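Contents: one structure, followed by commentary.
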Amino acid sequence: MSEIIYGSIDSYIYKSEDSLYKVARVKTKDKEIIIVGSFIELEEGLEYEFVGETIKHAKYGEQFKVESYTRSNSFSEDGLIAYLSSEKFFGIGQKLAKNIVEELGIDCIQKIMDEPSVLDSVKQMNETKKKVIVETLKQNYATEQVVIKLYSYGLTNKMVYRLYDAYGTEAAMRIEDNPYSLIYDVEGFGFKKSDALALKLGFIENDPLRLREAIRYTLNTVCYQQGYTFLTSRQLLNSSYMLLGSNPLISMDELSKALANLVQNEKIIQDEDRYFDPLLYKSEIRCAEAIQKLKKHYTREFKPDKIKEAIKIVQQDISITYTDLQEEAIYKALTNKLTIITGGPGTGKSTIINGILRSYAILNNLTFPCDTLDYKVTMMAPTGRAAKRMSEVTNFKATTIHKALGYNYEGGFTYSEDSPLSCSLVIVDESSMIDINLAASLFKAIPLSARVILVGDENQLPSVGPGNVFHDLIASNLFMTVKLFEIMRQARDSNIVKLSHMVFSGDVDFRVFSDKKEVYFYPCDAKGLNQMLFKMIDAYLATGSDLLTGMQILIPMYAGVAGIDAINEAITTRYNKEEEKLVRDYLVLKKNDKVLQLKNDPTLQLMNGDIGIIKGISKVNEKETLFIDFDGRMVSYPAKEVDNLRLAYAISIHKAQGSEYENVIMPILPNYHMMLRKKIIYTAMTRAKKKLILLGDVNTLKEAVKTLEPQRQTGLLNLLQGIRVSEVKILDATIPFDTLGEYDMEDITPYSFME
């Protein structure tokens, strides 16, 4: 239950440089209290009413955690004098402050705010000092009043901080004008939070603005959480109606009119009965146009006998004998404009990439490697780890797609259709991870004369973002596609490879676990998961191995007792005893913690999914900073950006895509049933190089490998094939998307909805 205390700020013990978080001493009538919380700098000497609760800090003792506050109407004479003579009022000493209070009384602040000329009667007052007092009071008052007003909306400290940080003193005005703007402007505000605020401000339930924003939010949410690029009107209106609580006061006719208004104002793009987010619509068209243009353009051709001769020379140089299918893949990649190579683990994709590179060097009369070849060939992958692995396997430079395209500080790309890459061969690994927005930028930046090779595993999870590019390119039958199915000799003895192919076939022979070789299965339930993980980690650490780099736990969900967040907290509590830490509300990060970057950051040159180790926490130019080692690159990470970090002892399977780990532990529990599907299991298993440990329930695993991923609803395939929209069959016109929506948690992130 909330408590109320009355007092004035005596002094500040701590002020965060990158947030509103503060620790201060407050004097009440009978004692001194330490208050903590996120609030603007309150005026020393003035009395405030603080609402909150008394908490017991393990190290600092009893504190009062502030939930909200307001300035009290009663001020002491001494407090007013101390306030008016503080450093905020430049040039106003204690004597002049005392003269003001004696002349105007303890309600002097309100009198000055109402009529500044009352200061003319104060002894020793002049125009310069009068101006300082009036302007300072107005500035402080404006800031304080907007924050107090934000609290009156029932917002928490964290929400108030985010709003004030985004809008400043205009925050209340902006909210009252359009509370739904928070969805787009302020992190952590989805439709439900903004809508609750709107209703509190007096918006009626069928307000046209409310209906429009529900539709926009639904379209965006479904597309970016389910991977769709469009919805039909029925899907969109039904889902929007559910988001609004299936309210009988709202008619489908009203929703339809709201949708029509959005189309008219180009907030949503309509193509017959398909409704697109404008960015996704443009990306699909740009991507299709770029691929078709690329396909038609001339590329230097090599004579078939020269290619075959080059392949033979490569085999001799590196003492390898390609299978017929591998040799065919290399040959086709060097004779076709755009080639797709797809195959599971152990089928030789990396060997083929290496063969293509070396053969290409020979065909161009170049040694391998050499500087000239660096200019002719661009190798890339969606993630830094995938690119690094590509380089290690081929002994040739590879980079992320973003870096190759010149990802800049504005979040755009340097290379484009008007300024293309300067290469003649482009090889992209882990192509199944590329979403439609990135694909559009990639294909637009590839020179029309270049030869393109896309390598990946069509059986892995599709991209995190919207689209199903790799699948659609294969399904179009417009490009040379080589499907690898034969497991290479060196991989045949791997039980990890065997198990992953069993999962793909949908039929797991559980005797593979009896070998106690590379793959292991241990029964476990959600309640016992922590202890089982501790047992595994303890045994692993006893061998002298490193928890931070040698092992990765993969879990399909963030929320719940067996979710990613709970497991990470349990592991850092048990295994990281470092005292050096950064605390931000719900997030605690310590030195030596393993962390995951949640979004692309062009300023820090970090990508969504990058993993690092916190090496230290200290102040740089008076601002708290984390020093994080991201795969050998030390990054000075501003503490104000830590909302973009999460602990990474356990990560999601989507985030692991494109990476490999020596040892993988993967819980498979009934708690995850909504997210356990064949592709998720398959993708997780294929991340392990040496050891794969499954913890959980056998029946859950059996059910998961039989459950297929729902097919994504995208338009790229139709565009590539030139199929009219009216001919496109929608598989499920009644999708309710009832698993979507915001959790009732303030600190939820978009990644909470991903696998």
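Letters for chains follow the order of the structure tokens (A, B, ...), residue numbers begin at 1 for each chain, and ligand numbers begin at 1 in the order shown.
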
Open item on the list: Neighbouring residues of range 38-42 of chain A were defined as those with any atom within 8 Å, considering only C-alpha atoms; residues of the same chain fewer than 3 positions away were excluded. Please report them as number ranges by chain.
Closed with: A: 9, 19-22, 66, 144, 147, 157-158, 161

Open item on the list: Give me, as number ranges by chain, the residues of range 564-752 of chain A that a backbone DSSP run labels strand (DSSP E or B).
Closed with: A: 581-584, 587-590, 594-597, 601, 606, 611-620, 623-630, 633-638, 645-647, 650-651, 661-668, 688-696

TODO: Figure out the distance between CA of Pro179 in chain A and CA of Ser233 in chain A, please, to one decimal in Å.
DONE: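 Taking CA of Ser233 in chain A as the start and CA of Pro179 in chain A as the end point, the length is 25.7 Å.
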
TODO: Do a neighbour search on Phe627 in chain A at 12 Å with only C-alpha atoms, toss out local chain neighbours closer than 6 positions, and write the hits as a list in words.
DONE: Lys581, Leu582, Leu589, Lys590, Lys591, Asn592, Asp593, Val595, Leu604, Gly612, Ile613, Ile614, Lys615, Gly616, Ile617, Ser618, Lys619, Val620, Arg633, Met634, Val635, Ser636, Tyr637, Pro638, Ala639 and Val642 of chain A

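For the choices A:Leu363, A:Ser500, A:Asp435, A:Ser251, the atom-to-atom distance to Lys303 in chain A is smallest for A:Leu363 when using only C-alpha atoms.
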
Task: Distance criterion (only C-alpha atoms): nearest to Val588 in chain A out of A:Leu645, A:Asp601, A:Met242, A:Ile628 - done: A:Leu645

Near Gln597 in chain A, counting only C-alpha atoms, which residues have an atom at most 10 Å away, once you skip same-chain residues fewer than 4 positions from it, shown as a compact mmCIF listing (two decimals) with N, CA, C and O atoms, in the first residue's frame?
# COMPACT_ATOMS: atom_id res chain seq x y z
N ASP A 601 22.49 -0.64 -34.12
CA ASP A 601 22.93 0.67 -33.64
C ASP A 601 24.05 1.15 -34.55
O ASP A 601 25.21 0.75 -34.41
N LEU A 606 26.90 -1.73 -34.02
CA LEU A 606 26.47 -3.01 -33.47
C LEU A 606 25.20 -3.46 -34.17
O LEU A 606 24.37 -2.63 -34.55
N MET A 607 25.06 -4.77 -34.32
CA MET A 607 23.90 -5.30 -35.00
C MET A 607 23.04 -6.10 -34.03
O MET A 607 23.52 -6.67 -33.05
N ASN A 608 21.77 -6.15 -34.33
CA ASN A 608 20.81 -6.96 -33.60
C ASN A 608 21.34 -8.40 -33.53
O ASN A 608 21.59 -9.02 -34.54
N GLY A 609 21.53 -8.92 -32.31
CA GLY A 609 22.01 -10.30 -32.15
C GLY A 609 23.47 -10.41 -31.78
O GLY A 609 23.94 -11.50 -31.43
N ASP A 610 24.23 -9.29 -31.81
CA ASP A 610 25.63 -9.35 -31.41
C ASP A 610 25.73 -9.68 -29.92
O ASP A 610 24.95 -9.19 -29.10
N ILE A 611 26.72 -10.51 -29.58
CA ILE A 611 26.91 -10.93 -28.18
C ILE A 611 28.26 -10.42 -27.69
O ILE A 611 29.26 -10.49 -28.41
N GLY A 612 28.27 -9.89 -26.46
CA GLY A 612 29.51 -9.37 -25.90
C GLY A 612 29.66 -9.71 -24.43
O GLY A 612 28.74 -10.24 -23.80
N PHE A 630 32.76 -7.04 -27.81
CA PHE A 630 31.92 -7.73 -28.78
C PHE A 630 32.82 -8.47 -29.77
O PHE A 630 33.31 -7.91 -30.74
N VAL A 642 21.25 1.19 -22.28
CA VAL A 642 21.24 -0.20 -21.81
C VAL A 642 19.90 -0.91 -22.00
O VAL A 642 19.83 -2.13 -21.90
N ASP A 643 18.84 -0.17 -22.30
CA ASP A 643 17.57 -0.84 -22.63
C ASP A 643 17.72 -1.71 -23.87
O ASP A 643 16.88 -2.57 -24.13
N ASN A 644 18.79 -1.49 -24.64
CA ASN A 644 19.03 -2.29 -25.85
C ASN A 644 19.88 -3.52 -25.57
O ASN A 644 20.30 -4.20 -26.50
N LEU A 645 20.16 -3.78 -24.30
CA LEU A 645 20.94 -4.95 -23.91
C LEU A 645 20.10 -5.91 -23.07
O LEU A 645 19.22 -5.48 -22.34
N ARG A 646 20.40 -7.19 -23.18
CA ARG A 646 19.84 -8.21 -22.30
C ARG A 646 20.94 -9.20 -21.97
O ARG A 646 21.89 -9.37 -22.73
N LEU A 647 20.81 -9.87 -20.84
CA LEU A 647 21.73 -10.95 -20.52
C LEU A 647 21.64 -12.03 -21.58
O LEU A 647 20.57 -12.24 -22.18
N ALA A 648 22.76 -12.74 -21.81
CA ALA A 648 22.80 -13.67 -22.94
C ALA A 648 23.35 -15.05 -22.59
O ALA A 648 23.82 -15.77 -23.46
N LYS A 655 17.73 -15.57 -32.32
CA LYS A 655 18.96 -14.80 -32.14
C LYS A 655 20.21 -15.65 -32.38
O LYS A 655 21.28 -15.12 -32.69

Which residues are near range 162-173 of chain A? Cut-off 8 Å, only C-alpha atoms, ignore same chain within fewer than 4 positions. Put them as a PDB file with C-alpha atoms, in the first residue's frame.
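Dumped everything to out.pdb:
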ATOM      1  CA  ALA A 142       7.024  24.571 -16.490  1.00  0.00           C
ATOM      2  CA  THR A 143       9.208  21.496 -16.099  1.00  0.00           C
ATOM      3  CA  VAL A 146       4.467  18.901 -16.901  1.00  0.00           C
ATOM      4  CA  VAL A 147       5.997  16.067 -14.875  1.00  0.00           C
ATOM      5  CA  LYS A 149       0.672  16.342 -14.921  1.00  0.00           C
ATOM      6  CA  LEU A 150       2.176  13.186 -16.405  1.00  0.00           C
ATOM      7  CA  LYS A 158       9.693   4.941 -16.013  1.00  0.00           C
ATOM      8  CA  ASP A 177      -3.294  16.124 -28.656  1.00  0.00           C
ATOM      9  CA  ASP A 185       7.759   8.052 -30.648  1.00  0.00           C
ATOM     10  CA  VAL A 186       8.401   6.455 -27.259  1.00  0.00           C
ATOM     11  CA  GLU A 187       9.919   3.044 -26.669  1.00  0.00           C
TER      12      GLU A 187
END

Task: Coordinates-based distance that separates CA of Asn468 in chain A from CA of Ile681 in chain A (Å, one decimal) - done: 18.7 Å

Task: Residue contacts of Lys295 in chain A (9 Å, only C-alpha atoms) excluding same-chain residues fewer than 2 positions away, as number ranges by chain - done: A: 290-293, 297-298, 337-338, 448, 479

Task: All alpha helix (DSSP H) positions in range 390-532 of chain A, as a ChimeraX atom specification - done: /A:390-394,401-404,436-445,469-475,495-505,529-532

Take the residues from that selection and write them out as a CSV table (one decimal), in the first residue's frame, keeping N, CA and C atoms.
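File written: out-v7.csv
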chain,number,residue,atom,x,y,z
A,390,MET,N,32.4,-17.8,-42.1
A,390,MET,CA,32.6,-17.8,-43.5
A,390,MET,C,34.1,-17.5,-43.8
A,391,SER,N,34.6,-16.5,-43.2
A,391,SER,CA,36.0,-16.2,-43.4
A,391,SER,C,37.0,-17.3,-43.0
A,392,GLU,N,36.7,-17.9,-41.8
A,392,GLU,CA,37.6,-18.9,-41.3
A,392,GLU,C,37.6,-20.1,-42.2
A,393,VAL,N,36.4,-20.5,-42.7
A,393,VAL,CA,36.3,-21.7,-43.6
A,393,VAL,C,37.0,-21.4,-44.9
A,394,THR,N,36.9,-20.2,-45.5
A,394,THR,CA,37.4,-20.0,-46.8
A,394,THR,C,38.8,-19.3,-46.9
A,401,ILE,N,26.1,-8.1,-44.1
A,401,ILE,CA,25.5,-7.5,-45.2
A,401,ILE,C,25.4,-6.0,-44.9
A,402,HIS,N,25.1,-5.6,-43.7
A,402,HIS,CA,25.0,-4.2,-43.3
A,402,HIS,C,26.3,-3.5,-43.6
A,403,LYS,N,27.4,-4.1,-43.1
A,403,LYS,CA,28.7,-3.4,-43.3
A,403,LYS,C,29.1,-3.4,-44.7
A,404,ALA,N,28.8,-4.4,-45.5
A,404,ALA,CA,29.1,-4.4,-46.9
A,404,ALA,C,28.4,-3.3,-47.7
A,436,ILE,N,12.7,-9.0,-46.0
A,436,ILE,CA,12.4,-8.3,-47.3
A,436,ILE,C,13.0,-6.9,-47.3
A,437,ASN,N,13.0,-6.2,-46.2
A,437,ASN,CA,13.6,-4.9,-46.2
A,437,ASN,C,15.1,-4.9,-46.5
A,438,LEU,N,15.8,-5.8,-45.9
A,438,LEU,CA,17.2,-6.0,-46.1
A,438,LEU,C,17.5,-6.5,-47.5
A,439,ALA,N,16.7,-7.4,-48.0
A,439,ALA,CA,16.8,-8.0,-49.3
A,439,ALA,C,16.7,-6.9,-50.4
A,440,ALA,N,15.7,-6.0,-50.2
A,440,ALA,CA,15.5,-4.9,-51.2
A,440,ALA,C,16.8,-4.0,-51.3
A,441,SER,N,17.3,-3.7,-50.1
A,441,SER,CA,18.6,-2.9,-50.1
A,441,SER,C,19.7,-3.6,-50.7
A,442,LEU,N,19.8,-4.9,-50.4
A,442,LEU,CA,20.9,-5.7,-50.9
A,442,LEU,C,20.9,-5.8,-52.5
A,443,PHE,N,19.8,-6.3,-53.0
A,443,PHE,CA,19.7,-6.5,-54.5
A,443,PHE,C,19.8,-5.1,-55.2
A,444,LYS,N,19.3,-4.1,-54.6
A,444,LYS,CA,19.4,-2.7,-55.3
A,444,LYS,C,20.9,-2.3,-55.4
A,445,ALA,N,21.7,-2.8,-54.4
A,445,ALA,CA,23.1,-2.3,-54.4
A,445,ALA,C,24.1,-3.2,-55.2
A,469,VAL,N,12.0,-14.4,-48.1
A,469,VAL,CA,12.7,-14.2,-49.3
A,469,VAL,C,13.4,-15.4,-49.9
A,470,PHE,N,14.2,-16.1,-49.1
A,470,PHE,CA,14.9,-17.3,-49.6
A,470,PHE,C,13.9,-18.4,-50.1
A,471,HIS,N,12.8,-18.6,-49.3
A,471,HIS,CA,11.8,-19.6,-49.7
A,471,HIS,C,11.2,-19.1,-51.0
A,472,ASP,N,10.8,-17.8,-51.1
A,472,ASP,CA,10.1,-17.3,-52.3
A,472,ASP,C,11.0,-17.4,-53.6
A,473,LEU,N,12.3,-17.2,-53.4
A,473,LEU,CA,13.2,-17.3,-54.6
A,473,LEU,C,13.3,-18.7,-55.1
A,474,ILE,N,13.3,-19.6,-54.1
A,474,ILE,CA,13.4,-21.1,-54.5
A,474,ILE,C,12.1,-21.5,-55.2
A,475,ALA,N,11.0,-21.1,-54.5
A,475,ALA,CA,9.6,-21.5,-55.0
A,475,ALA,C,9.3,-20.9,-56.4
A,495,ASN,N,26.4,-37.4,-34.5
A,495,ASN,CA,25.0,-37.7,-34.0
A,495,ASN,C,24.2,-36.4,-34.0
A,496,ILE,N,24.9,-35.2,-34.0
A,496,ILE,CA,24.2,-33.9,-34.1
A,496,ILE,C,23.6,-33.8,-35.5
A,497,VAL,N,24.4,-34.2,-36.5
A,497,VAL,CA,23.9,-34.1,-37.9
A,497,VAL,C,22.8,-35.1,-38.1
A,498,LYS,N,23.0,-36.3,-37.5
A,498,LYS,CA,22.0,-37.4,-37.7
A,498,LYS,C,20.7,-36.9,-37.1
A,499,LEU,N,20.7,-36.4,-35.9
A,499,LEU,CA,19.5,-36.0,-35.1
A,499,LEU,C,18.8,-34.9,-35.9
A,500,SER,N,19.6,-33.9,-36.4
A,500,SER,CA,18.9,-32.8,-37.1
A,500,SER,C,18.2,-33.2,-38.3
A,501,HIS,N,18.8,-34.2,-39.0
A,501,HIS,CA,18.1,-34.7,-40.2
A,501,HIS,C,16.9,-35.6,-39.8
A,502,MET,N,16.9,-36.2,-38.7
A,502,MET,CA,15.8,-36.9,-38.2
A,502,MET,C,14.6,-35.9,-37.9
A,503,VAL,N,15.0,-34.8,-37.3
A,503,VAL,CA,14.0,-33.8,-37.0
A,503,VAL,C,13.4,-33.3,-38.2
A,504,PHE,N,14.2,-33.0,-39.2
A,504,PHE,CA,13.7,-32.6,-40.5
A,504,PHE,C,12.7,-33.5,-41.2
A,505,SER,N,13.0,-34.8,-41.0
A,505,SER,CA,12.1,-35.9,-41.6
A,505,SER,C,10.9,-36.1,-40.8
A,529,LEU,N,14.2,-27.1,-13.8
A,529,LEU,CA,15.1,-26.7,-14.9
A,529,LEU,C,16.3,-26.0,-14.4
A,530,ASN,N,16.1,-25.1,-13.4
A,530,ASN,CA,17.3,-24.3,-12.9
A,530,ASN,C,18.3,-25.3,-12.3
A,531,GLN,N,17.9,-26.2,-11.5
A,531,GLN,CA,18.8,-27.1,-10.8
A,531,GLN,C,19.5,-28.0,-11.8
A,532,MET,N,18.8,-28.4,-12.9
A,532,MET,CA,19.4,-29.2,-13.9
A,532,MET,C,20.5,-28.4,-14.7

Task: Length of the CA of Arg210 in chain A to CA of Ser256 in chain A vector [Å] - done: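 These two atoms are separated by 13.1 Å.
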
- [ ] Kindly indicate which residue among A:Ala559, A:Leu587, A:Ile109, A:Ile434 lies nearest to Cys287 in chain A, using only C-alpha atoms for the distances.
- [x]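 Using only C-alpha atoms, Cys287 in chain A sits closest to A:Ile434.
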
Task: Distance query range 534-540 of chain A at most 10 Å, only C-alpha atoms, self and fewer than 3 positions along chain excluded, as a PyMOL selection string - done: chain A and resi 529-531+543-547+550-551+570-571+574-575+663+665+693

Could you write out that same residue set with C-alpha atoms as a compact mmCIF listing (two decimals), in the first residue's frame?
# COMPACT_ATOMS: atom_id res chain seq x y z
CA LEU A 529 15.10 -26.71 -14.90
CA ASN A 530 17.28 -24.33 -12.88
CA GLN A 531 18.84 -27.11 -10.82
CA THR A 543 36.62 -29.25 -16.84
CA GLY A 544 38.20 -25.79 -16.92
CA SER A 545 35.88 -24.58 -19.68
CA ASP A 546 34.46 -21.07 -20.02
CA LEU A 547 30.76 -20.37 -19.42
CA GLY A 550 32.05 -22.20 -24.78
CA MET A 551 28.40 -22.84 -23.97
CA ALA A 570 19.26 -17.33 -12.13
CA ILE A 571 22.60 -17.93 -13.88
CA ARG A 574 24.73 -17.99 -9.10
CA TYR A 575 27.84 -17.66 -11.24
CA ASN A 663 28.14 -26.75 -26.74
CA ILE A 665 21.87 -26.78 -24.04
CA ILE A 693 22.11 -31.45 -24.55
